[in-house]
Structure formats: structure tokens, C-alpha cells
Amino acid sequence: MIEFTNVTKSYSVGTKALRGVSMQIEDGEFAFLVGPSGSGKSTIIKLITGELKPTSGSVHVNGYSLERIRKREIPYLRRTVGVVFQDFRLIDNKTVYDNVAFAMRVVGTGTREIRSRVPYVLNLVGLEHKSRRHPGELSGGEQQRLAIARALVNNPSTIIADEPTGNLDPARSLEIMTLLQEINNLGTTMLVVTHEQNLVEQFANRVITINDGLISSDRMDGHYDYED
Amino acid sequence: MKINNLGYLLKEGIRGIFLHGFMSFAAVIVTVACLLIVGSFSILVYNVNIMVDELNQTSEVLAFVDDTLTYAEAQTIETKIRQIENVYEANLVSREQALKDFIADHEGEAAFAGLESDVLRHRVVVVLEDNTKMEETVGEIRLISGVEDISAAYELAEGFTTLQRVLQFVSIGVIIVLLLVSLLIISNTVKLAMYDRKDEIAIMKMVGATNGFIRLPFVVEGFTLGMVGAALAFGLEWLMYDLLVARIQAMDTLNLFNLVAFQELLLPMILTFCSAGLFVGIVGSWTSIRKFMNV
Ligand SMILES: Nc1ncnc2c1ncn2[C@@H]1O[C@H](COP(=O)(O)OP(=O)(O)O)[C@@H](O)[C@H]1O
Ligand SMILES: [Mg+2]
């Protein structure tokens, strides 16, 4: 569960990125987070992953209180939250298989478990035939599916995606959103930041709209509340 | 830490070395160069120190006793000299003993064979505590009645002591500066290698790797680089030193230079090179990774 209560966030420069955000996303939910550029969407994601601390208010994520989390607990919080970014963030000199296996190894998973889990998630995202390729040999859509496989492989309860389709054409974008929806159907909580109005409307999920650091609407019918 | 993690960490550390071949090569070369310079300088200082010590021990003061005095009278002079403050050791050598020593030193030289002991005088061999005060002490010995003549090499003694002091001072300075420079260069080299992998580190943090886990492959990498550098430098140092010693001994027919064999320095050298390699490798990688560790 993700819960924000009266959260404000000011950057040291003095920008007030969030000005009192309260929201709650239940386990197993699928929510879009939309809003104009600079409205504070990425800031919300960084607060969820513990990359930033709230200036005031409280942030609870999967049992951790982010406003008072200790530095050495942050890795364990992050194992409950898979993250996907617009720019994929893959390791180019590792194969598809190793990019996914790497995420398991660095949290201390044993080889035997890695060997059975990696093919499973690669299959889930439709990349089982490309496991020996390198990211540079994949299309943008395939690279993003690889990033999703990596986010998924440690079996997090939540996945957050910051504009995952920002670098993809409409057809690939729809594929990625559909994949995220399928993963959500398997029980993973999903928070997806996006700009793409028509995609959001196709899925009829919850839509949280943020404007200038404040939530301006929170609807369950897949509708946008602002114009770009 | 589980066994399979340990294997992974070692593998990642070693893999990193080859993945960043040029950086690793550069780090090793820098380590070898710095350790070679520090090592050579240490060996040089060590040898010069030994030689100066040896020379210095020979710069004793001889107080010759008046011809007309008996051995027993000479003994009271020995006692008086011993009471002087800066005197470390004073030993009376009879004229008979002096002659024996002289003949022994010039063995086989027939010219000295028939020498009589009364051509020599009783003498007190004096070793000083502090050779820099030789002139003062000699003045005091001269005041003792019955001391007829004194032989002392002031300039030589002072020269040696000054040389030794300057050398120690300079060498400690040079070694410290070189170690700092090499640490700095290596730390920067490792830092560049880390920078090269900042994306990988960011991904590790993103998926929830602990800082300790992220750090370890890099420490393994730094450790391995440091040790490879130390081993290479050690081998080269040995080779170069042996060549140098052979060369000097071939030229030095007078046996002026008495160089210590490398084998004698083996243990201290291994310890020095290993600890320097370890220090430089681990401290270098540890300090450079710290800045990537801020959440
Ligand atoms: N590191 C930062 N330092 C200062 N200001 C920042 C920083 N990151 C973001 N901001 C500012 O905070 C506001 C919200 O940014 P962000 O959360 O990235 O918005 P979005 O993801 O919705 O485009 C913007 O005004 C942005 O300029
Ligand atoms: Mg953003």
C-alpha cells in the first residue's frame, strides 16, 4: 500500500514541487498519475523509492515510513517496489538474460532460484527467444519489456513506472500498457506516470491528476482532468 | 554472506578488471611505478645507512699515552677518560697488543715482521656517544695529564653524521610524498573506473542492493589491482636490484660498497609491497566508491 498524507516537498533551491499531497493506493490497484510537465510526478515517485525525503507530511510504502526510514533499510524497501523508467536503464554489455539475473544476484538470490525465475519473467514479457541478445540489438519496445522483466523479477508487491512509453510509438506504447495491465491482473500494485491521454482512456483505470504540486482530481473512470 | 554470493562478488570483481581493461592497466602501471620508486628509495636509504653506520664506527678517537708511563699508570688514564660525559666506551690497548693487531692487519707483509713493540705507545681507544661533540670531548681528554697526543678525525665524523641526518630527513619526506602521490593517482584511477560504472551502480541501488554488496566487487577489484601491482613491482625491484648489485660489485674492485643482498631484505620487502598494494588498492577503491553511495 502507498499512502501520502499532507506531503510537501521543497528542493533546496526553493522550488515547492509538492504542496500538500494526500492519496492512498491500495494493494492490487492500478492507478495512472497524470499531470503537466513539472507538476511533481517524478517527485512523488522519488518519495516512494526513498530517493528523496518529504519536507513535511508522511509517506508510507509497503509497511515502511519514508519520512523516518533509516538509510540501511532503504534497500529492503526497494525490493518491494519495482521501478521502470522512460529511458529503460539497461546494462548494455550484459545479455538480456544477465540484465534480469543481475537484479536477482545483487539482492543475494541463489543461482538455482535465478535459473528458474529469469526464464519465467522473460517468458511473461515475451522475450524468452532473445535471452542471449544484448539491449542494443533490441527495439525500444523490447528494451522496455526487458526493463519491466527486471522490475518484476524480485517479485515486488508494487511496480511504479515513470513515463514508461515516453520513448515509444503508439503501437508499442499500447503493448507496454497492456503488459502492465496483465502484470497488475496477477496481483501487483501498479502506479504509472504518463502523458498519453488516449492510452489512459483505453484502460478505464483510476486516474490521479496532479497540477502544480497539488492533486486536482482523482477519478475511477479513466478520465483526464487537464489539457497539456 | 552466502557462498554463492561470495563467488558472485569475486567473479564480478575480476570481471570488472577485464571489462575496464585500460583503466585497470593504468592503475596497475601507476601502482608498479610508485611502488618501484618508493621501494628503490627505501633500499638505497637502507644501504647508505648501513654504510654510514659502518664508517662512523671506525671514526674513533685514539688517546696516546706518554712513553714514560707504565701500563698500570696508563690504566688510571683509561679510568679518567671513561668518566668524561660524552665517552661511550674507553679501552686501554697496550703497545704489545697494538703491535699484534698491526701485524695481523698487515699479514704477510715481511717489512713489519721484525717490528718491536716499543716503537708503539699504549693507547686508549675511545668511542663517543655523540660524534658531533667530538671536538669538545677531545679537548677534555687532552687536559688529562699523561695523554700525550690525540688522533681524531673531526671532519670525517661530523660529515658522516650530517650526511646520515640529511639522508634520513630527505628519505622520509620523499617516501611520504611518493606514497601520497601514488594513493592520489590510484584513487583517481579507481574513481574513473567507478564513474565508468555509475549506471550499473544506480541500477543496483534501484533494485535494492545494499551498500555493502555494491561496494564489495569494487573493493575486490581494487584489492586485486593493488596486489597485482605489488607483485609486479616486487619482482621488478628484485631483478633490478640484483642486476645493479652485480654491476657495482664488478666495478667496485676496492670493495668500497658493501651492498645488502636482496634475499636479506625479502621479508621486509614482501611486507612493504603487499601492505602498500593492499592499502592503495582498498583505500583507493573505498574512498572513490563512497561518493556513489549517497542514496
Ligand atoms: N533536483 C531538483 N532540484 C530543484 N528542483 C527540482 C529538482 N527536481 C525537480 N525539481 C522541480 O520540481 C518541480 C517538479 O518536478 P518533477 O517532479 O520532476 O515534475 P514532473 O515529473 O511532473 O515533470 C519542477 O518545478 C522541477 O523543476
Ligand atoms: Mg518527470
# chains A, B, ... in the order shown; residues from 1 in each chain; ligands from 1
$ residues_near_ligand --ligand "ligand 2" --cutoff "9 Å" --atoms "only C-alpha atoms and all ligand atoms" --output "list in words"
Ser37, Gly38, Ser39, Gly40, Lys41, Ser42, Thr43, Ile45, Asp162, Glu163 and Val193 of chain A
$ residues_near_ligand --ligand "ligand 1" --cutoff "12 Å" --atoms "only C-alpha atoms and all ligand atoms" --output "number ranges by chain"
A: 8-19, 33-47, 51-52, 85-86, 161-163, 192-195, 209-215, 228
$ closest_atom_pairs --of "chain A" --to "chain B" --cutoff "9 Å" --atoms "only C-alpha atoms" --output "JSON lines"
{"residue": "A:Thr49", "atom": "CA", "partner": "B:Met206", "partner_atom": "CA", "distance": 8.2}
{"residue": "A:Gly50", "atom": "CA", "partner": "B:Val295", "partner_atom": "CA", "distance": 8.0}
{"residue": "A:Glu51", "atom": "CA", "partner": "B:Val295", "partner_atom": "CA", "distance": 6.0}
{"residue": "A:Leu52", "atom": "CA", "partner": "B:Val295", "partner_atom": "CA", "distance": 8.3}
{"residue": "A:Lys71", "atom": "CA", "partner": "B:Val295", "partner_atom": "CA", "distance": 7.8}
{"residue": "A:Arg72", "atom": "CA", "partner": "B:Thr210", "partner_atom": "CA", "distance": 7.4}
{"residue": "A:Glu73", "atom": "CA", "partner": "B:Thr210", "partner_atom": "CA", "distance": 8.8}
{"residue": "A:Ile74", "atom": "CA", "partner": "B:Gly208", "partner_atom": "CA", "distance": 7.4}
{"residue": "A:Pro75", "atom": "CA", "partner": "B:Gly208", "partner_atom": "CA", "distance": 4.0}
{"residue": "A:Tyr76", "atom": "CA", "partner": "B:Gly208", "partner_atom": "CA", "distance": 6.0}
{"residue": "A:Leu77", "atom": "CA", "partner": "B:Gly208", "partner_atom": "CA", "distance": 7.4}
{"residue": "A:Arg78", "atom": "CA", "partner": "B:Gly208", "partner_atom": "CA", "distance": 4.8}
{"residue": "A:Arg79", "atom": "CA", "partner": "B:Gly208", "partner_atom": "CA", "distance": 5.0}
{"residue": "A:Thr80", "atom": "CA", "partner": "B:Gly208", "partner_atom": "CA", "distance": 8.6}
{"residue": "A:Val81", "atom": "CA", "partner": "B:Val207", "partner_atom": "CA", "distance": 8.1}
{"residue": "A:Gly82", "atom": "CA", "partner": "B:Val207", "partner_atom": "CA", "distance": 6.9}
{"residue": "A:Val83", "atom": "CA", "partner": "B:Met206", "partner_atom": "CA", "distance": 7.3}
{"residue": "A:Arg89", "atom": "CA", "partner": "B:Ile203", "partner_atom": "CA", "distance": 7.3}
{"residue": "A:Leu90", "atom": "CA", "partner": "B:Ile203", "partner_atom": "CA", "distance": 8.0}
{"residue": "A:Ile91", "atom": "CA", "partner": "B:Glu200", "partner_atom": "CA", "distance": 6.6}
{"residue": "A:Phe102", "atom": "CA", "partner": "B:Met204", "partner_atom": "CA", "distance": 8.3}
{"residue": "A:Ala103", "atom": "CA", "partner": "B:Val207", "partner_atom": "CA", "distance": 6.1}
{"residue": "A:Met104", "atom": "CA", "partner": "B:Val207", "partner_atom": "CA", "distance": 8.4}
{"residue": "A:Arg105", "atom": "CA", "partner": "B:Asn5", "partner_atom": "CA", "distance": 7.5}
{"residue": "A:Val106", "atom": "CA", "partner": "B:Ala209", "partner_atom": "CA", "distance": 5.3}
{"residue": "A:Val107", "atom": "CA", "partner": "B:Ala209", "partner_atom": "CA", "distance": 5.0}
{"residue": "A:Gly108", "atom": "CA", "partner": "B:Asn5", "partner_atom": "CA", "distance": 6.1}
{"residue": "A:Thr109", "atom": "CA", "partner": "B:Asn5", "partner_atom": "CA", "distance": 7.9}
{"residue": "A:Gly110", "atom": "CA", "partner": "B:Asn4", "partner_atom": "CA", "distance": 6.3}
{"residue": "A:Thr111", "atom": "CA", "partner": "B:Asn4", "partner_atom": "CA", "distance": 7.1}
{"residue": "A:Arg150", "atom": "CA", "partner": "B:Val207", "partner_atom": "CA", "distance": 8.5}
{"residue": "A:Ala151", "atom": "CA", "partner": "B:Val207", "partner_atom": "CA", "distance": 7.4}
{"residue": "A:Asn154", "atom": "CA", "partner": "B:Val207", "partner_atom": "CA", "distance": 8.3}
$ select_by_dssp --residues "range 82-242 of chain B" --states "strand (DSSP E or B)" --output "list in words"
Val87, Tyr88, Glu89, Ala90, Asn91, Leu92, Val93, Arg123, Val124, Val125, Val126, Val127, Leu128, Val147, Glu148, Asp149, Ile150 and Ser151 of chain B
$ residues_around --residues "Gly146 in chain B" --least-positions-apart "5" --cutoff "10 Å" --atoms "only C-alpha atoms" --output "list in words"
Ala63, Phe64, Val65, Asp66, Asp67, Thr68, Leu69, Glu73, Ala74, Thr76 and Ile77 of chain B
$ atom_distance --atom1 "CA of Glu3 in chain A" --atom2 "CA of Leu191 in chain A"
12.3 Å
$ closest_residue --among "B:Lys191, B:Lys80, B:Lys198, B:Arg123" --to "Leu143 in chain B" --atoms "only C-alpha atoms"
B:Lys80
$ atom_distance --atom1 "CA of Ile159 in chain A" --atom2 "CA of Ser173 in chain A"
17.0 Å
$ atom_distance --atom1 "CA of Tyr97 in chain A" --atom2 "CA of Met194 in chain B"
23.6 Å
$ closest_residue --among "B:Ala276, B:Ile175, B:Ile185, B:Leu267" --to "Ala27 in chain B" --atoms "only C-alpha atoms"
B:Ile185
$ residues_around --residues "Asn91 in chain B" --least-positions-apart "3" --cutoff "8 Å" --atoms "only C-alpha atoms" --output "list in words"
Glu78, Val124, Val125 and Val126 of chain B
$ select_by_dssp --residues "range 82-215 of chain A" --states "alpha helix (DSSP H)" --output "ChimeraX atom specification"
/A:96-105,111-124,140-153,170-185,197-203
$ residues_around --residues "Val7 in chain A" --least-positions-apart "4" --cutoff "8 Å" --atoms "only C-alpha atoms" --output "count of residues only"
11
$ closest_residue --among "B:Thr224, B:Ser288, B:Ser171, B:Thr137" --to "Ser40 in chain B" --atoms "only C-alpha atoms"
B:Ser171
$ residues_around --residues "Val118 in chain A" --least-positions-apart "4" --cutoff "9 Å" --atoms "only C-alpha atoms" --output "list in words"
Tyr97, Asp98, Val100, Ala101, Met104, Glu113, Ile114, Leu122, Asn123, Ala149, Arg150 and Val153 of chain A
$ write_last_selection --atoms "N, CA, C and O atoms" --output "mmCIF file, in the first residue's frame"
data_model
loop_
_atom_site.group_PDB
_atom_site.id
_atom_site.type_symbol
_atom_site.label_atom_id
_atom_site.label_comp_id
_atom_site.auth_asym_id
_atom_site.auth_seq_id
_atom_site.Cartn_x
_atom_site.Cartn_y
_atom_site.Cartn_z
ATOM 1 N N TYR A 97 19.318 -11.931 -20.660
ATOM 2 C CA TYR A 97 19.213 -12.824 -19.509
ATOM 3 C C TYR A 97 19.965 -12.237 -18.309
ATOM 4 O O TYR A 97 19.444 -12.172 -17.198
ATOM 5 N N ASP A 98 21.200 -11.789 -18.545
ATOM 6 C CA ASP A 98 22.029 -11.306 -17.433
ATOM 7 C C ASP A 98 21.518 -9.992 -16.844
ATOM 8 O O ASP A 98 21.697 -9.743 -15.653
ATOM 9 N N VAL A 100 18.488 -9.329 -16.331
ATOM 10 C CA VAL A 100 17.451 -9.711 -15.374
ATOM 11 C C VAL A 100 18.064 -10.461 -14.186
ATOM 12 O O VAL A 100 17.759 -10.175 -13.020
ATOM 13 N N ALA A 101 18.987 -11.371 -14.512
ATOM 14 C CA ALA A 101 19.617 -12.171 -13.453
ATOM 15 C C ALA A 101 20.401 -11.273 -12.491
ATOM 16 O O ALA A 101 20.429 -11.518 -11.279
ATOM 17 N N MET A 104 18.598 -10.060 -9.556
ATOM 18 C CA MET A 104 18.402 -11.065 -8.511
ATOM 19 C C MET A 104 19.691 -11.288 -7.734
ATOM 20 O O MET A 104 19.684 -11.407 -6.517
ATOM 21 N N GLU A 113 17.671 -20.514 -7.870
ATOM 22 C CA GLU A 113 16.430 -19.755 -7.964
ATOM 23 C C GLU A 113 16.464 -18.817 -9.174
ATOM 24 O O GLU A 113 15.461 -18.650 -9.873
ATOM 25 N N ILE A 114 17.661 -18.240 -9.414
ATOM 26 C CA ILE A 114 17.813 -17.346 -10.562
ATOM 27 C C ILE A 114 17.507 -18.109 -11.853
ATOM 28 O O ILE A 114 16.772 -17.648 -12.719
ATOM 29 N N LEU A 122 11.069 -13.635 -18.334
ATOM 30 C CA LEU A 122 11.331 -13.316 -19.745
ATOM 31 C C LEU A 122 10.177 -13.819 -20.607
ATOM 32 O O LEU A 122 9.749 -13.171 -21.566
ATOM 33 N N ASN A 123 9.652 -14.951 -20.258
ATOM 34 C CA ASN A 123 8.511 -15.510 -20.960
ATOM 35 C C ASN A 123 7.279 -14.622 -20.777
ATOM 36 O O ASN A 123 6.537 -14.345 -21.720
ATOM 37 N N ALA A 149 10.666 -6.734 -17.070
ATOM 38 C CA ALA A 149 11.040 -8.060 -16.548
ATOM 39 C C ALA A 149 11.984 -7.900 -15.355
ATOM 40 O O ALA A 149 11.850 -8.594 -14.338
ATOM 41 N N ARG A 150 12.929 -6.986 -15.477
ATOM 42 C CA ARG A 150 13.876 -6.768 -14.389
ATOM 43 C C ARG A 150 13.168 -6.213 -13.144
ATOM 44 O O ARG A 150 13.456 -6.621 -12.021
ATOM 45 N N VAL A 153 11.321 -9.180 -11.481
ATOM 46 C CA VAL A 153 11.954 -10.466 -11.199
ATOM 47 C C VAL A 153 12.100 -10.755 -9.708
ATOM 48 O O VAL A 153 12.054 -11.912 -9.289
#
$ residues_around --residues "Ser187 in chain B" --least-positions-apart "2" --cutoff "10 Å" --atoms "only C-alpha atoms" --output "list in words"
Ala27, Val181, Ser182, Leu183, Leu184, Ile185, Thr189, Val190, Lys191, Leu192, Ala193, Gly222, Val280, Gly281, Ile282, Val283, Gly284, Ser285, Trp286, Thr287, Ser288 and Ile289 of chain B
